[in-house]
Amino acid sequence: MSSSTVLKAWEACDLTDTLFVLVCTVFCWPIIPAVGLAYSGYSHRRNGMASFMPAILSISVCSIQWFLIGYSLAYGEGSGVIGDFKYAFHRGVLADPVGTIPAILFSEFQLIFCATVCAIAIGGACERGRTLPLIPFIFLWATLIYCPLAHMVWSETGFLGNMGVLDFAGGTPVHICSSATATALSVYLSYPLFRSKKSAIRTPSHLKIHSPGNSMSQLMALVIIWNSWLAFDAGTTLSLNFKSIMALCVTNLCASGGAMTWALITYFESGRWSLDSTFMGAIAGLVMITPSAGFIDMTTSFFFGVFGAIIGRQALRIKFTKLAAHFRWVDNGDSFATHFILGTLGTISTGLFAQKEVAAYDGATFIDGGVFFDGNFKQLGIQILEALIGMTWSFVGSYVIIAVIDCIPGLEVLAKDEDIVKGLDAAEMEESFDGQQCDDDYHPFKNGGPIGLD
């Protein structure tokens, strides 16, 4: 494409909107490694780096996949379920406006959604899954699971979007998809079917529950994720208008309500303040607000956060039960309790509490609203259908993908027993967060003594 054609298309873009989405994209990007930091903080210190590394792989593999075919499958015309290959290798994806911003910027903003969802999803392999098999898994998962879901919900030809589903920033393509995938990975690692099952040096089992291994990683993750989520929801409007401001404000209030509720419950139960509880409460609020940030008011968002924290905290208790241990249920990243339960609740609640007046704050979005404020009972059914499709598509598809990978020699997905015992940092990583990989016999002076001047 000639430079004159590109520049002419660029002139048709709105510079204010472009700058706004560009800034949001930059602020959103850190959420991907921050998810890895969160998993590293949850994990035992012997698995800290191994739990962080998959997030970096998500960035790299998803970026390549998105450039090759991902963007085209998610946002090409295609059918109601998946796009076509019109934009494969980003052909023609340059300055032509998508709304009021360049197509290449729109693609980059949506790529960060894909990589973030992937980083959350592969947390299901934390502390017992090998890293190498995750590379083909990420590519296949992005192609076969995420891109179709994103197309169904957000593209112009997606059948769920055309049914009128309300999913502002990803209740289903983000939270339900990622958590159903994480659950599929966890279930497969507990009950593998192929090479991991047949291996004499691998024993599928439940993992003993432990407290978070690195509070500093959790703290850094909390700060980055909370900040980036504000940019995610504000930037989803793809233009700078009052709805962008409103989406940011309801997101922050919902996260605050969740963080304070979970932290206070823990304090009144134990008499101590907990960073982990505050973190989980904030995540509960952020998950709840994601599908509804462009459709609800401030008061509703506060109660979303409060009730999300209460319900999420109860759901978290599942992994501590004897029944969970009996069935080898492992949820070390807490993705089921937060992203799955609350992602589903948030998606359905959007159908209950969405307001057509709030949706119209951008001057361009017109909906029929939800059940309680606008009497639109049909919306509830559409939201439930979206959630069911999202969880089924993601769980079944992800389970099949990881099972197929486990059939390939050298790509056994379950780590060896001895590696799980000694820690995956020592088994798979060159480095660790706490310096485990340093030479035990290291001495700063040659031959054990200071170096003299001869």
# chains A, B, ... in the order shown; residues from 1 in each chain; ligands from 1
call {"tool": "residues_around", "arguments": {"residues": "stretch 313-319 of chain A", "least_positions_apart": "6", "cutoff": "10 Å", "atoms": "only C-alpha atoms", "output": "list in words"}}
result
Ile209, Thr261, Trp262, Ile265, Thr266, Ser277, Met280, Gly281, Ala284, Phe307, Ala325, Arg328, Trp329, Val330, Asp331, Asn332, Asp334, Ser335, Phe336, Ala337, Thr338, Phe340, Ile341 and Leu342 of chain A
call {"tool": "residues_around", "arguments": {"residues": "A:Tyr75", "least_positions_apart": "4", "cutoff": "6 Å", "atoms": "only C-alpha atoms", "output": "PyMOL selection string"}}
result
chain A and resi 71+83+151+155
call {"tool": "residues_around", "arguments": {"residues": "stretch 195-197 of chain A", "least_positions_apart": "5", "cutoff": "8 Å", "atoms": "only C-alpha atoms", "output": "list in words"}}
result
Arg202, Thr203, Pro204, Asp406, Cys407, Ile408, Pro409, Glu412, Val413 and Leu414 of chain A
call {"tool": "residues_around", "arguments": {"residues": "A:Gly161", "least_positions_apart": "6", "cutoff": "10 Å", "atoms": "only C-alpha atoms", "output": "NGL selection string"}}
result
:A and (80 or 150-155 or 167 or 382 or 386)
call {"tool": "closest_residue", "arguments": {"among": "A:Leu160, A:Met246, A:Ile401, A:Leu264", "to": "A:Pro148", "atoms": "only C-alpha atoms"}}
result
A:Leu160
call {"tool": "closest_residue", "arguments": {"among": "A:Phe303, A:Phe232, A:Phe295, A:Tyr267", "to": "A:Gly369", "atoms": "only C-alpha atoms"}}
result
A:Phe295
call {"tool": "atom_distance", "arguments": {"atom1": "atom CA of A:Gly235", "atom2": "atom CA of A:Ala247"}}
result
8.8 Å
call {"tool": "residues_around", "arguments": {"residues": "A:Met298", "least_positions_apart": "2", "cutoff": "6 Å", "atoms": "only C-alpha atoms", "output": "ChimeraX atom specification"}}
result
/A:250,300-301
call {"tool": "closest_residue", "arguments": {"among": "A:Ser398, A:Ile310, A:Cys28, A:Met1", "to": "A:Cys118", "atoms": "only C-alpha atoms"}}
result
A:Ser398
call {"tool": "atom_distance", "arguments": {"atom1": "atom CA of A:Thr344", "atom2": "atom CA of A:Gly285"}}
result
13.0 Å
call {"tool": "residues_around", "arguments": {"residues": "stretch 371-377 of chain A", "least_positions_apart": "5", "cutoff": "9 Å", "atoms": "only C-alpha atoms", "output": "ChimeraX atom specification"}}
result
/A:351-356
call {"tool": "select_by_dssp", "arguments": {"residues": "stretch 155-387 of chain A", "states": "alpha helix (DSSP H)", "output": "PyMOL selection string"}}
result
chain A and resi 159-163+177-190+195-198+215-235+242-270+275-289+298-316+322-326+335+341-353+356-359+371-374+378-387
call {"tool": "closest_residue", "arguments": {"among": "A:Asn252, A:Ser60, A:Gln65, A:Ser215", "to": "A:Asn227", "atoms": "only C-alpha atoms"}}
result
A:Asn252
call {"tool": "closest_residue", "arguments": {"among": "A:Val6, A:Ile31, A:Ile367, A:Ala415", "to": "A:Pro102", "atoms": "only C-alpha atoms"}}
result
A:Val6
call {"tool": "closest_residue", "arguments": {"among": "A:Cys114, A:Ile32, A:Ile135, A:Ala184", "to": "A:Thr392", "atoms": "only C-alpha atoms"}}
result
A:Ala184
call {"tool": "residues_around", "arguments": {"residues": "A:Ile420", "least_positions_apart": "2", "cutoff": "10 Å", "atoms": "only C-alpha atoms", "output": "NGL selection string"}}
result
:A and (46-47 or 127-130 or 202 or 207 or 414-418 or 422-427)
call {"tool": "write_last_selection", "arguments": {"atoms": "N, CA and C atoms", "output": "short mmCIF file (atom, residue, chain, number, x, y, z; two decimals), in the first residue's frame"}}
result
data_model
loop_
_atom_site.label_atom_id
_atom_site.label_comp_id
_atom_site.auth_asym_id
_atom_site.auth_seq_id
_atom_site.Cartn_x
_atom_site.Cartn_y
_atom_site.Cartn_z
N ARG A 46 9.40 -22.05 45.56
CA ARG A 46 10.21 -22.90 44.70
C ARG A 46 9.68 -22.94 43.27
N ASN A 47 8.50 -22.37 43.06
CA ASN A 47 7.89 -22.37 41.73
C ASN A 47 7.62 -20.96 41.20
N GLU A 127 2.57 -24.90 39.02
CA GLU A 127 3.20 -25.75 40.03
C GLU A 127 3.24 -27.24 39.71
N ARG A 128 2.64 -27.64 38.58
CA ARG A 128 2.76 -29.05 38.21
C ARG A 128 2.74 -29.28 36.70
N GLY A 129 2.53 -28.24 35.93
CA GLY A 129 2.55 -28.37 34.48
C GLY A 129 3.89 -27.94 33.91
N ARG A 130 4.35 -28.63 32.87
CA ARG A 130 5.61 -28.26 32.22
C ARG A 130 5.42 -27.02 31.34
N ARG A 202 5.64 -40.02 36.55
CA ARG A 202 4.64 -38.96 36.78
C ARG A 202 3.43 -39.54 37.49
N LEU A 207 -2.39 -31.34 45.01
CA LEU A 207 -1.27 -30.62 45.61
C LEU A 207 -1.69 -30.07 46.96
N LEU A 414 2.36 -33.01 32.16
CA LEU A 414 2.54 -33.11 33.61
C LEU A 414 4.03 -33.23 33.93
N ALA A 415 4.49 -32.44 34.88
CA ALA A 415 5.90 -32.50 35.27
C ALA A 415 6.21 -33.81 35.99
N LYS A 416 7.47 -34.16 36.01
CA LYS A 416 7.91 -35.36 36.73
C LYS A 416 7.69 -35.18 38.22
N ASP A 417 7.48 -36.27 38.91
CA ASP A 417 7.27 -36.22 40.36
C ASP A 417 8.43 -35.52 41.07
N GLU A 418 9.65 -35.88 40.71
CA GLU A 418 10.82 -35.31 41.38
C GLU A 418 10.93 -33.82 41.12
N LYS A 422 10.97 -30.96 44.10
CA LYS A 422 12.08 -30.02 44.32
C LYS A 422 11.75 -28.60 43.86
N GLY A 423 10.70 -28.46 43.07
CA GLY A 423 10.30 -27.15 42.57
C GLY A 423 10.63 -26.98 41.11
N LEU A 424 9.70 -26.39 40.38
CA LEU A 424 9.89 -26.24 38.93
C LEU A 424 10.91 -25.17 38.57
N ASP A 425 11.22 -24.27 39.52
CA ASP A 425 12.31 -23.32 39.25
C ASP A 425 13.63 -24.07 39.06
N ALA A 426 13.91 -24.98 39.98
CA ALA A 426 15.15 -25.76 39.89
C ALA A 426 15.13 -26.71 38.71
N ALA A 427 13.95 -27.23 38.36
CA ALA A 427 13.84 -28.23 37.30
C ALA A 427 13.86 -27.62 35.90
#
call {"tool": "atom_distance", "arguments": {"atom1": "atom CA of A:Ser40", "atom2": "atom CA of A:Ser217"}}
result
6.7 Å
call {"tool": "decode", "arguments": {"residues": "stretch 413-436 of chain A", "atoms": "C-alpha atoms", "output": "tab-separated table (two decimals), in the first residue's frame"}}
result
chain	number	residue	atom	x	y	z
A	413	VAL	CA	2.19	-31.84	30.03
A	414	LEU	CA	2.54	-33.11	33.61
A	415	ALA	CA	5.90	-32.50	35.27
A	416	LYS	CA	7.91	-35.36	36.73
A	417	ASP	CA	7.27	-36.22	40.36
A	418	GLU	CA	10.82	-35.31	41.38
A	419	ASP	CA	10.55	-31.95	39.63
A	420	ILE	CA	7.29	-31.09	41.41
A	421	VAL	CA	8.87	-32.02	44.74
A	422	LYS	CA	12.08	-30.02	44.32
A	423	GLY	CA	10.30	-27.15	42.57
A	424	LEU	CA	9.89	-26.24	38.93
A	425	ASP	CA	12.31	-23.32	39.25
A	426	ALA	CA	15.15	-25.76	39.89
A	427	ALA	CA	13.84	-28.23	37.30
A	428	GLU	CA	13.04	-25.89	34.39
A	429	MET	CA	14.35	-22.38	35.01
A	430	GLU	CA	17.80	-20.82	34.80
A	431	GLU	CA	16.78	-18.27	37.42
A	432	SER	CA	14.51	-17.92	40.43
A	433	PHE	CA	13.10	-14.97	42.36
A	434	ASP	CA	14.79	-15.94	45.61
A	435	GLY	CA	18.22	-16.85	44.20
A	436	GLN	CA	17.88	-20.62	44.49
